[in-house]
Amino acid sequence: MVNEDSSKSNVKAARHKPIYNSESLNRAMELAITDKNFLDNCMNLLKDLKFPALKSNIVSYVKNATNDADVVSLFESLDGYIRFKDQYHVLKAIEENDPKKKTANQITDETRKNPIHTQRNNHSKANSIKLRR
């Protein structure tokens with residue numbers, strides 16, 4: 001008689017609770033996009049935070065400063081792998097999720113097909129920065 005390991009033949013499942021509430025994250029982003037005062041107030045919370053800072057540092061700092069779930073959720077939407085340099089860097093990371101701003105900064109298909117380079121002109125040595133000194 002062959003003795004089989006029963007753990008290999010059983011399939012088990014476990015239910016995991018999500019770390020973040022997607023409804024809260026979406027509501028916070030919607031507020032940040034539509035309400036400039038909300039976004040400004042959120043950014044003002046970071047004025048005394050020591051930078052550079054990771055998302056975890058920012059979220060901990062904000063949780064100590066406010067109990068507002070929408071404010072905390074806004075900062076929880078940040079990328080956890082970025083070391084943010086300053087408040088402006090955090091603001092730009094949040095604004096990346098604004099569809100209007102994202103669209104305005106994207107490269108169009110036409111630009112991809114026909115790129116326009118800003119430095120098309122050939123500069124002579126007479127116009128060289130080094131030679132002007």
# chains A, B, ... in the order shown; residues from 1 in each chain; ligands from 1
$ select_by_dssp --residues "stretch 3-114 of chain A" --states "helix (DSSP H, G or I)" --output "PyMOL selection string"
chain A and resi 6-9+22-34+36-44+55-65+69-76+87-95+99-105+109-113
$ residues_around --residues "A:Ile58" --least-positions-apart "5" --cutoff "9 Å" --atoms "only C-alpha atoms" --output "list in words"
Leu46, Leu49, Ala53, Lys63, Phe75 and Glu76 of chain A
$ select_by_dssp --residues "stretch 25-100 of chain A" --states "strand (DSSP E)" --output "VMD selection string"
chain A and resid 53 to 54 83 to 84
$ residues_around --residues "A:Glu30" --least-positions-apart "2" --cutoff "12 Å" --atoms "only C-alpha atoms" --output "PyMOL selection string"
chain A and resi 23-28+32-36+38-39+70-71+73-74+77+94-95+97-99
$ write_last_selection --atoms "C-alpha atoms" --output "compact mmCIF listing (two decimals), in the first residue's frame"
# COMPACT_ATOMS: atom_id res chain seq x y z
CA GLU A 23 -13.80 53.35 -3.03
CA SER A 24 -12.01 55.61 -0.57
CA LEU A 25 -8.94 55.93 -2.84
CA ASN A 26 -11.15 56.82 -5.82
CA ARG A 27 -13.17 59.34 -3.80
CA ALA A 28 -9.96 60.99 -2.56
CA ALA A 32 -8.16 66.18 -5.40
CA ILE A 33 -9.04 66.59 -9.09
CA THR A 34 -12.21 68.64 -8.62
CA ASP A 35 -11.54 70.59 -5.42
CA LYS A 36 -8.36 72.69 -5.45
CA PHE A 38 -8.88 69.96 -0.78
CA LEU A 39 -5.63 69.33 -2.62
CA ASP A 70 -10.14 61.01 2.34
CA VAL A 71 -6.91 62.85 3.09
CA SER A 73 -6.50 57.79 1.19
CA LEU A 74 -5.11 60.44 -1.13
CA SER A 77 -2.64 56.30 -3.55
CA ILE A 94 -0.92 62.99 -7.30
CA GLU A 95 -1.64 65.12 -10.37
CA ASN A 97 -3.86 60.63 -11.87
CA ASP A 98 -5.83 63.62 -13.17
CA PRO A 99 -7.08 62.54 -16.62
$ residues_around --residues "A:Phe51" --least-positions-apart "5" --cutoff "8 Å" --atoms "only C-alpha atoms" --output "list in words"
Phe84, Lys85 and Asp86 of chain A
$ closest_residue --among "A:Ala14, A:Ile116, A:Leu91, A:Cys42" --to "A:Thr66" --atoms "only C-alpha atoms"
A:Cys42
$ decode --residues "stretch 31-125 of chain A" --atoms "C-alpha atoms" --output "PDB file, in the first residue's frame"
ATOM      1  CA  LEU A  31     -11.776  65.299  -4.597  1.00  0.00           C
ATOM      2  CA  ALA A  32      -8.162  66.178  -5.405  1.00  0.00           C
ATOM      3  CA  ILE A  33      -9.039  66.589  -9.095  1.00  0.00           C
ATOM      4  CA  THR A  34     -12.206  68.639  -8.620  1.00  0.00           C
ATOM      5  CA  ASP A  35     -11.541  70.592  -5.418  1.00  0.00           C
ATOM      6  CA  LYS A  36      -8.363  72.693  -5.452  1.00  0.00           C
ATOM      7  CA  ASN A  37      -8.867  73.641  -1.778  1.00  0.00           C
ATOM      8  CA  PHE A  38      -8.884  69.964  -0.785  1.00  0.00           C
ATOM      9  CA  LEU A  39      -5.630  69.331  -2.622  1.00  0.00           C
ATOM     10  CA  ASP A  40      -4.031  72.515  -1.231  1.00  0.00           C
ATOM     11  CA  ASN A  41      -5.056  71.561   2.322  1.00  0.00           C
ATOM     12  CA  CYS A  42      -3.641  68.070   1.844  1.00  0.00           C
ATOM     13  CA  MET A  43      -0.348  69.432   0.567  1.00  0.00           C
ATOM     14  CA  ASN A  44      -0.140  71.934   3.448  1.00  0.00           C
ATOM     15  CA  LEU A  45      -0.165  68.995   5.865  1.00  0.00           C
ATOM     16  CA  LEU A  46       3.269  68.054   4.525  1.00  0.00           C
ATOM     17  CA  LYS A  47       4.920  71.430   5.128  1.00  0.00           C
ATOM     18  CA  ASP A  48       6.872  70.219   8.196  1.00  0.00           C
ATOM     19  CA  LEU A  49       7.583  66.701   6.925  1.00  0.00           C
ATOM     20  CA  LYS A  50      11.264  65.921   6.539  1.00  0.00           C
ATOM     21  CA  PHE A  51      12.094  65.035   2.915  1.00  0.00           C
ATOM     22  CA  PRO A  52      13.154  62.898   1.107  1.00  0.00           C
ATOM     23  CA  ALA A  53      10.359  60.589   2.214  1.00  0.00           C
ATOM     24  CA  LEU A  54       8.812  57.318   1.141  1.00  0.00           C
ATOM     25  CA  LYS A  55       5.081  56.769   0.853  1.00  0.00           C
ATOM     26  CA  SER A  56       5.039  54.935   4.196  1.00  0.00           C
ATOM     27  CA  ASN A  57       6.654  57.945   5.917  1.00  0.00           C
ATOM     28  CA  ILE A  58       4.179  60.324   4.298  1.00  0.00           C
ATOM     29  CA  VAL A  59       1.124  58.222   5.212  1.00  0.00           C
ATOM     30  CA  SER A  60       2.304  57.834   8.829  1.00  0.00           C
ATOM     31  CA  TYR A  61       2.919  61.573   9.082  1.00  0.00           C
ATOM     32  CA  VAL A  62      -0.501  62.398   7.641  1.00  0.00           C
ATOM     33  CA  LYS A  63      -2.269  59.895   9.920  1.00  0.00           C
ATOM     34  CA  ASN A  64      -0.731  61.704  12.909  1.00  0.00           C
ATOM     35  CA  ALA A  65      -1.912  65.047  11.536  1.00  0.00           C
ATOM     36  CA  THR A  66      -5.524  64.203  10.622  1.00  0.00           C
ATOM     37  CA  ASN A  67      -8.283  61.614  10.986  1.00  0.00           C
ATOM     38  CA  ASP A  68      -9.844  62.519   7.628  1.00  0.00           C
ATOM     39  CA  ALA A  69     -10.089  59.227   5.710  1.00  0.00           C
ATOM     40  CA  ASP A  70     -10.143  61.006   2.336  1.00  0.00           C
ATOM     41  CA  VAL A  71      -6.913  62.851   3.087  1.00  0.00           C
ATOM     42  CA  VAL A  72      -5.184  59.669   4.254  1.00  0.00           C
ATOM     43  CA  SER A  73      -6.496  57.790   1.194  1.00  0.00           C
ATOM     44  CA  LEU A  74      -5.105  60.440  -1.127  1.00  0.00           C
ATOM     45  CA  PHE A  75      -1.599  59.818   0.185  1.00  0.00           C
ATOM     46  CA  GLU A  76      -2.142  56.049   0.225  1.00  0.00           C
ATOM     47  CA  SER A  77      -2.638  56.300  -3.549  1.00  0.00           C
ATOM     48  CA  LEU A  78       1.038  57.261  -3.963  1.00  0.00           C
ATOM     49  CA  ASP A  79       3.563  54.838  -5.442  1.00  0.00           C
ATOM     50  CA  GLY A  80       5.316  52.965  -2.638  1.00  0.00           C
ATOM     51  CA  TYR A  81       8.595  52.630  -4.559  1.00  0.00           C
ATOM     52  CA  ILE A  82       9.346  56.326  -5.017  1.00  0.00           C
ATOM     53  CA  ARG A  83      11.420  58.410  -2.646  1.00  0.00           C
ATOM     54  CA  PHE A  84       9.721  61.798  -2.825  1.00  0.00           C
ATOM     55  CA  LYS A  85      12.094  64.766  -2.848  1.00  0.00           C
ATOM     56  CA  ASP A  86       9.694  67.438  -1.609  1.00  0.00           C
ATOM     57  CA  GLN A  87       6.061  68.583  -1.469  1.00  0.00           C
ATOM     58  CA  TYR A  88       6.126  69.542  -5.145  1.00  0.00           C
ATOM     59  CA  HIS A  89       7.220  66.022  -6.095  1.00  0.00           C
ATOM     60  CA  VAL A  90       4.275  64.584  -4.091  1.00  0.00           C
ATOM     61  CA  LEU A  91       1.885  67.050  -5.759  1.00  0.00           C
ATOM     62  CA  LYS A  92       3.072  66.048  -9.243  1.00  0.00           C
ATOM     63  CA  ALA A  93       2.677  62.358  -8.386  1.00  0.00           C
ATOM     64  CA  ILE A  94      -0.919  62.993  -7.298  1.00  0.00           C
ATOM     65  CA  GLU A  95      -1.643  65.116 -10.366  1.00  0.00           C
ATOM     66  CA  GLU A  96      -0.513  62.235 -12.607  1.00  0.00           C
ATOM     67  CA  ASN A  97      -3.863  60.631 -11.870  1.00  0.00           C
ATOM     68  CA  ASP A  98      -5.831  63.622 -13.165  1.00  0.00           C
ATOM     69  CA  PRO A  99      -7.083  62.538 -16.616  1.00  0.00           C
ATOM     70  CA  LYS A 100      -7.101  66.129 -17.932  1.00  0.00           C
ATOM     71  CA  LYS A 101      -3.497  66.778 -16.919  1.00  0.00           C
ATOM     72  CA  LYS A 102      -2.395  63.329 -18.028  1.00  0.00           C
ATOM     73  CA  THR A 103      -3.892  63.863 -21.489  1.00  0.00           C
ATOM     74  CA  ALA A 104      -2.353  67.320 -21.816  1.00  0.00           C
ATOM     75  CA  ASN A 105       1.129  65.922 -21.156  1.00  0.00           C
ATOM     76  CA  GLN A 106       0.919  62.812 -23.309  1.00  0.00           C
ATOM     77  CA  ILE A 107       2.623  62.462 -26.652  1.00  0.00           C
ATOM     78  CA  THR A 108       0.116  62.255 -29.482  1.00  0.00           C
ATOM     79  CA  ASP A 109       0.217  59.618 -32.199  1.00  0.00           C
ATOM     80  CA  GLU A 110       1.027  62.375 -34.713  1.00  0.00           C
ATOM     81  CA  THR A 111       4.042  63.471 -32.671  1.00  0.00           C
ATOM     82  CA  ARG A 112       5.241  59.879 -32.484  1.00  0.00           C
ATOM     83  CA  LYS A 113       5.039  59.584 -36.277  1.00  0.00           C
ATOM     84  CA  ASN A 114       6.575  63.005 -36.990  1.00  0.00           C
ATOM     85  CA  PRO A 115       8.703  64.068 -34.033  1.00  0.00           C
ATOM     86  CA  ILE A 116       9.654  67.713 -33.872  1.00  0.00           C
ATOM     87  CA  HIS A 117      13.044  68.299 -32.357  1.00  0.00           C
ATOM     88  CA  THR A 118      13.750  71.637 -30.761  1.00  0.00           C
ATOM     89  CA  GLN A 119      17.409  71.637 -31.794  1.00  0.00           C
ATOM     90  CA  ARG A 120      17.127  71.111 -35.544  1.00  0.00           C
ATOM     91  CA  ASN A 121      19.317  74.081 -36.412  1.00  0.00           C
ATOM     92  CA  ASN A 122      22.991  73.420 -36.889  1.00  0.00           C
ATOM     93  CA  HIS A 123      24.889  75.825 -34.726  1.00  0.00           C
ATOM     94  CA  SER A 124      28.127  77.127 -36.109  1.00  0.00           C
ATOM     95  CA  LYS A 125      31.193  77.327 -33.919  1.00  0.00           C
TER      96      LYS A 125
END
